[in-house]
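Q: Sharing a structure, written as structure tokens. Questions coming.
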There are 2 protein chains.
Amino acid sequence: MPRISATKQAILAAALELGALHGISGTTMEEVAERAGVAKGSVYYNFASKDKLFEELLTAGVSSLSATLRTAREQASGFGAIEAMVMQMLTLIAENRALAKLMAAEIFRTDRVWQHTVSGLRREGVSEIGTALAPLVPAETPEATRLLMAGGIFGATLMGGLEWLLFTPETPVEDVAAAILFTYSGRLAQ
Amino acid sequence: MPRISATKQAILAAALELGALHGISGTTMEEVAERAGVAKGSVYYNFASKDKLFEELLTAGVSSLSATLRTAREQASGFGAIEAMVMQMLTLIAENRALAKLMAAEIFRTDRVWQHTVSGLRREGVSEIGTALAPLVPAETPEATRLLMAGGIFGATLMGGLEWLLFTPETPVEDVAAAILFTYSGRLAQ
């Protein structure tokens with residue numbers, strides 16, 4: 001990863017805080033500069049536009065999520081890979097709550113100039129879960145169906161994780177993972 | 001339900017279209033008036049502010065979702081209630097795609113003056129699923145754990161539904177519901 005200057009890092013952190021609070025549309029480059037404690041010209045020197053700034057932020061966030069899911073998947077097998085992915089994704093959401101909120105709010109926006117990038121990156125995260133599902137579903141399952149299941153597990157973990165942080169943040173991450181994973185045990189359908 | 005004037009209905013429809021496209025922060029009352037084909041004064045006559053307008057829109061949306069989930073739950077029993085709720089929620093998302101996108105983007109925003117209302121209403125939707133889960137989970141399961149599971153099923157259906165409409169809209173709703181419900185069959189964990 002290329003070295004990021006302290007200024008650029010401060011701008012990204014300020015943009016993340018403001019974006020999570022007011023949404024991307026409700027955030028201006030002036031506010032980002034003020035919050036980061038840098039001149040407005042410095043923000044534009046580092047990022048050509050607000051869209052470029054948030055594209056970089058979300059791209060880095062989804063890449064980090066995909067990498068976390070991939071590592072979890074590769075260190076376990078069978079349903080254990082799903083268990084590891086749910087657990088690691090919840091841990092990442094708790095550590096990056098602002099980014100998780102921003103991603104949840106933006107991943108279905110279709111008007112952004114960078115929506116193609118974000119949509120591709122979302123698919124990247126979902127497809128990591130899809131890969132872990134391949135040996136667990138019937139051999140004849142179409143890929144699109146498997147990705148829908150993966151999207152469901154991704155959505156359950158994202159929504160469960162955000163609800164957890166909002167309503168019962170004192171619950172240990174292991175218990176949150178156990179609650180979500182219980183739904184996949186088959187005991188609900190018995 | 002009180003009768004809604006044609007003007008008010010046109011304003012709500014315009015706000016929904018613009019909000020789903022540009023986000024609430026990125027939408028102005030001027031744009032809503034223009035899209036609805038009414039004078040700006042008429043928008044303010046019907047809604048005191050943009051926040052009030054979107055609060056009414058989201059409140060109506062979440063109420064309709066809760067009512068749909070409740071009806072589905074009451075017409076089935078056991079795991080059949082979960083199956084009916086997933087199916088009906090997907091149908092509603094497909095019929096109200098703009099509203100579903102707007103809700104997905106806004107339900108975790110915490111800066112809005114009406115976030116308390118929306119958060120309460122989201123809980124209302126999630127708790128309908130929680131009620132259906134009560135007879136399906138071990139008796140000693142704490143309510144918070146059951147609501148986390150319900151949030152997971154809600155999130156899986158919302159994310160699965162939005163992915164479906166974006167990537168494979170030609171798939172019949174029954175197949176989408178079947179894919180999500182397969183994850184609860186226990187066959188993944190075998």
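By order of appearance in the structure tokens: chains A, B, ..., then residues from 1 within every chain, and ligands from 1 in the order shown.
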When DSSP is applied to the backbone of this structure, which of stretch 53-189 of chain A are assigned helix (DSSP H, G or I)? Write them out as a count of residues only.
A: 106
Q: Using only C-alpha atoms, determine which residues lie at most 8 Å from B:Met89, disregarding the query and same-chain residues fewer than 2 positions distant; provide the list as a list of chain:residue names.
A: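 Here the qualifying residues turn out to be B:Leu65, B:Thr68, B:Leu69, B:Met85, B:Val86, B:Met87, B:Thr91, B:Leu92, B:Ile93, B:Thr157, B:Leu158.
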Q: Identify every residue of chain B that has at least one atom within 7 Å of any atom of chain A, counting only C-alpha atoms, and report the result as a PDB file with N, CA and C atoms, in the first residue's frame.
A:
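As a result, selection.pdb now contains:
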ATOM      1  N   LEU B  21     -33.063   8.949  -5.520  1.00  0.00           N
ATOM      2  CA  LEU B  21     -32.023   9.208  -6.512  1.00  0.00           C
ATOM      3  C   LEU B  21     -30.839   9.964  -5.894  1.00  0.00           C
ATOM      4  N   HIS B  22     -31.133  11.036  -5.166  1.00  0.00           N
ATOM      5  CA  HIS B  22     -30.062  11.918  -4.688  1.00  0.00           C
ATOM      6  C   HIS B  22     -29.872  11.901  -3.178  1.00  0.00           C
ATOM      7  N   SER B  25     -30.485  14.550   1.853  1.00  0.00           N
ATOM      8  CA  SER B  25     -29.645  15.756   1.934  1.00  0.00           C
ATOM      9  C   SER B  25     -29.458  16.399   0.568  1.00  0.00           C
ATOM     10  N   GLY B  26     -29.468  15.589  -0.479  1.00  0.00           N
ATOM     11  CA  GLY B  26     -29.220  16.103  -1.823  1.00  0.00           C
ATOM     12  C   GLY B  26     -30.481  16.567  -2.531  1.00  0.00           C
ATOM     13  N   PHE B  79     -42.499 -22.073  11.403  1.00  0.00           N
ATOM     14  CA  PHE B  79     -41.552 -21.498  10.453  1.00  0.00           C
ATOM     15  C   PHE B  79     -42.264 -20.962   9.219  1.00  0.00           C
ATOM     16  N   LYS B 101     -35.100   1.551  -1.339  1.00  0.00           N
ATOM     17  CA  LYS B 101     -33.743   2.115  -1.422  1.00  0.00           C
ATOM     18  C   LYS B 101     -33.571   3.269  -0.435  1.00  0.00           C
ATOM     19  N   ALA B 104     -33.395   1.832   3.085  1.00  0.00           N
ATOM     20  CA  ALA B 104     -32.104   1.183   3.334  1.00  0.00           C
ATOM     21  C   ALA B 104     -31.027   2.234   3.591  1.00  0.00           C
ATOM     22  N   ALA B 105     -31.100   3.359   2.877  1.00  0.00           N
ATOM     23  CA  ALA B 105     -30.076   4.391   3.018  1.00  0.00           C
ATOM     24  C   ALA B 105     -30.244   5.195   4.305  1.00  0.00           C
ATOM     25  N   GLU B 106     -31.470   5.288   4.803  1.00  0.00           N
ATOM     26  CA  GLU B 106     -31.731   6.207   5.916  1.00  0.00           C
ATOM     27  C   GLU B 106     -31.896   5.557   7.283  1.00  0.00           C
ATOM     28  N   PHE B 108     -30.145   3.849   9.236  1.00  0.00           N
ATOM     29  CA  PHE B 108     -29.083   3.917  10.243  1.00  0.00           C
ATOM     30  C   PHE B 108     -28.512   5.318  10.414  1.00  0.00           C
ATOM     31  N   THR B 110     -28.213   8.748  12.079  1.00  0.00           N
ATOM     32  CA  THR B 110     -28.547   9.129  13.446  1.00  0.00           C
ATOM     33  C   THR B 110     -28.542  10.642  13.648  1.00  0.00           C
ATOM     34  N   ASP B 111     -28.371  11.396  12.535  1.00  0.00           N
ATOM     35  CA  ASP B 111     -28.322  12.850  12.687  1.00  0.00           C
ATOM     36  C   ASP B 111     -29.672  13.516  12.433  1.00  0.00           C
ATOM     37  N   LEU B 136     -40.020 -20.436  17.990  1.00  0.00           N
ATOM     38  CA  LEU B 136     -39.049 -21.235  17.226  1.00  0.00           C
ATOM     39  C   LEU B 136     -37.673 -21.315  17.886  1.00  0.00           C
ATOM     40  N   VAL B 137     -37.431 -20.432  18.869  1.00  0.00           N
ATOM     41  CA  VAL B 137     -36.111 -20.427  19.518  1.00  0.00           C
ATOM     42  C   VAL B 137     -36.219 -21.095  20.893  1.00  0.00           C
ATOM     43  N   THR B 145     -31.496 -11.224  22.167  1.00  0.00           N
ATOM     44  CA  THR B 145     -30.912 -12.178  21.224  1.00  0.00           C
ATOM     45  C   THR B 145     -31.907 -12.492  20.103  1.00  0.00           C
ATOM     46  N   LEU B 148     -31.992  -9.687  17.721  1.00  0.00           N
ATOM     47  CA  LEU B 148     -30.814  -9.703  16.841  1.00  0.00           C
ATOM     48  C   LEU B 148     -31.027 -10.677  15.686  1.00  0.00           C
ATOM     49  N   MET B 149     -31.593 -11.857  16.000  1.00  0.00           N
ATOM     50  CA  MET B 149     -31.895 -12.837  14.944  1.00  0.00           C
ATOM     51  C   MET B 149     -32.907 -12.241  13.968  1.00  0.00           C
ATOM     52  N   GLY B 151     -33.423  -9.061  13.379  1.00  0.00           N
ATOM     53  CA  GLY B 151     -32.721  -8.037  12.594  1.00  0.00           C
ATOM     54  C   GLY B 151     -31.921  -8.671  11.457  1.00  0.00           C
ATOM     55  N   GLY B 152     -31.343  -9.827  11.742  1.00  0.00           N
ATOM     56  CA  GLY B 152     -30.592 -10.550  10.712  1.00  0.00           C
ATOM     57  C   GLY B 152     -31.496 -10.994   9.567  1.00  0.00           C
ATOM     58  N   ILE B 153     -32.662 -11.550   9.892  1.00  0.00           N
ATOM     59  CA  ILE B 153     -33.595 -12.005   8.851  1.00  0.00           C
ATOM     60  C   ILE B 153     -34.123 -10.801   8.055  1.00  0.00           C
ATOM     61  N   GLY B 155     -32.502  -7.908   7.641  1.00  0.00           N
ATOM     62  CA  GLY B 155     -31.381  -7.419   6.836  1.00  0.00           C
ATOM     63  C   GLY B 155     -31.110  -8.314   5.633  1.00  0.00           C
ATOM     64  N   ALA B 156     -31.226  -9.632   5.829  1.00  0.00           N
ATOM     65  CA  ALA B 156     -31.009 -10.575   4.728  1.00  0.00           C
ATOM     66  C   ALA B 156     -32.044 -10.345   3.632  1.00  0.00           C
ATOM     67  N   THR B 157     -33.300 -10.117   4.038  1.00  0.00           N
ATOM     68  CA  THR B 157     -34.371  -9.957   3.063  1.00  0.00           C
ATOM     69  C   THR B 157     -34.245  -8.611   2.341  1.00  0.00           C
ATOM     70  N   MET B 159     -31.412  -6.744   1.946  1.00  0.00           N
ATOM     71  CA  MET B 159     -30.226  -6.730   1.084  1.00  0.00           C
ATOM     72  C   MET B 159     -30.410  -7.691  -0.092  1.00  0.00           C
ATOM     73  N   GLY B 160     -30.922  -8.899   0.200  1.00  0.00           N
ATOM     74  CA  GLY B 160     -31.179  -9.866  -0.875  1.00  0.00           C
ATOM     75  C   GLY B 160     -32.152  -9.278  -1.889  1.00  0.00           C
ATOM     76  N   ALA B 179     -34.206 -18.903  -2.115  1.00  0.00           N
ATOM     77  CA  ALA B 179     -32.752 -18.829  -1.891  1.00  0.00           C
ATOM     78  C   ALA B 179     -32.463 -18.339  -0.469  1.00  0.00           C
ATOM     79  N   ILE B 180     -33.164 -17.275  -0.051  1.00  0.00           N
ATOM     80  CA  ILE B 180     -32.923 -16.747   1.294  1.00  0.00           C
ATOM     81  C   ILE B 180     -33.339 -17.772   2.347  1.00  0.00           C
ATOM     82  N   THR B 183     -31.043 -20.732   3.366  1.00  0.00           N
ATOM     83  CA  THR B 183     -29.977 -20.523   4.363  1.00  0.00           C
ATOM     84  C   THR B 183     -30.450 -20.880   5.779  1.00  0.00           C
ATOM     85  N   TYR B 184     -31.786 -20.858   6.005  1.00  0.00           N
ATOM     86  CA  TYR B 184     -32.329 -21.183   7.339  1.00  0.00           C
ATOM     87  C   TYR B 184     -32.706 -22.661   7.485  1.00  0.00           C
ATOM     88  N   SER B 185     -32.474 -23.441   6.410  1.00  0.00           N
ATOM     89  CA  SER B 185     -32.904 -24.841   6.429  1.00  0.00           C
ATOM     90  C   SER B 185     -31.994 -25.721   7.263  1.00  0.00           C
ATOM     91  N   GLY B 186     -30.789 -25.219   7.556  1.00  0.00           N
ATOM     92  CA  GLY B 186     -29.830 -26.033   8.305  1.00  0.00           C
ATOM     93  C   GLY B 186     -28.919 -26.832   7.397  1.00  0.00           C
ATOM     94  N   LEU B 188     -26.825 -25.741   5.190  1.00  0.00           N
ATOM     95  CA  LEU B 188     -25.480 -25.141   5.091  1.00  0.00           C
ATOM     96  C   LEU B 188     -24.557 -25.675   6.183  1.00  0.00           C
ATOM     97  N   ALA B 189     -25.144 -25.909   7.364  1.00  0.00           N
ATOM     98  CA  ALA B 189     -24.334 -26.266   8.535  1.00  0.00           C
ATOM     99  C   ALA B 189     -24.113 -27.772   8.671  1.00  0.00           C
TER     100      ALA B 189
END
Q: Between B:Asn96, B:Ser63, B:Thr71, B:Thr131, which has the minimum distance to B:Glu17 (counting only C-alpha atoms)?
A: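 Of B:Asn96, B:Ser63, B:Thr71, B:Thr131, the one nearest B:Glu17, counting only C-alpha atoms, is B:Asn96.
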Q: Quote the spacing between atom CA of B:Glu55 and atom CA of B:Ser42 in Å to one decimal place.
A: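 It comes out at 17.8 Å.
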Q: Just give me the gap between atom CA of B:Leu57 and atom CA of B:Val173 in Å, one decimal is fine.
A: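 Here the two named atoms are 25.3 Å from each other.
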Q: Report, in Å with one decimal, the straight-line distance from atom CA of A:Glu30 to atom CA of B:Ala48.
A: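 Computing the Euclidean distance for atom CA of A:Glu30 and atom CA of B:Ala48 yields 28.7 Å.
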Q: Could you tell me which of A:Ala60, A:Pro142, A:Phe47, A:Ile11 comes closest to A:Val32 if we count only C-alpha atoms?
A: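 Smallest separation from A:Val32 among the options: A:Ile11.
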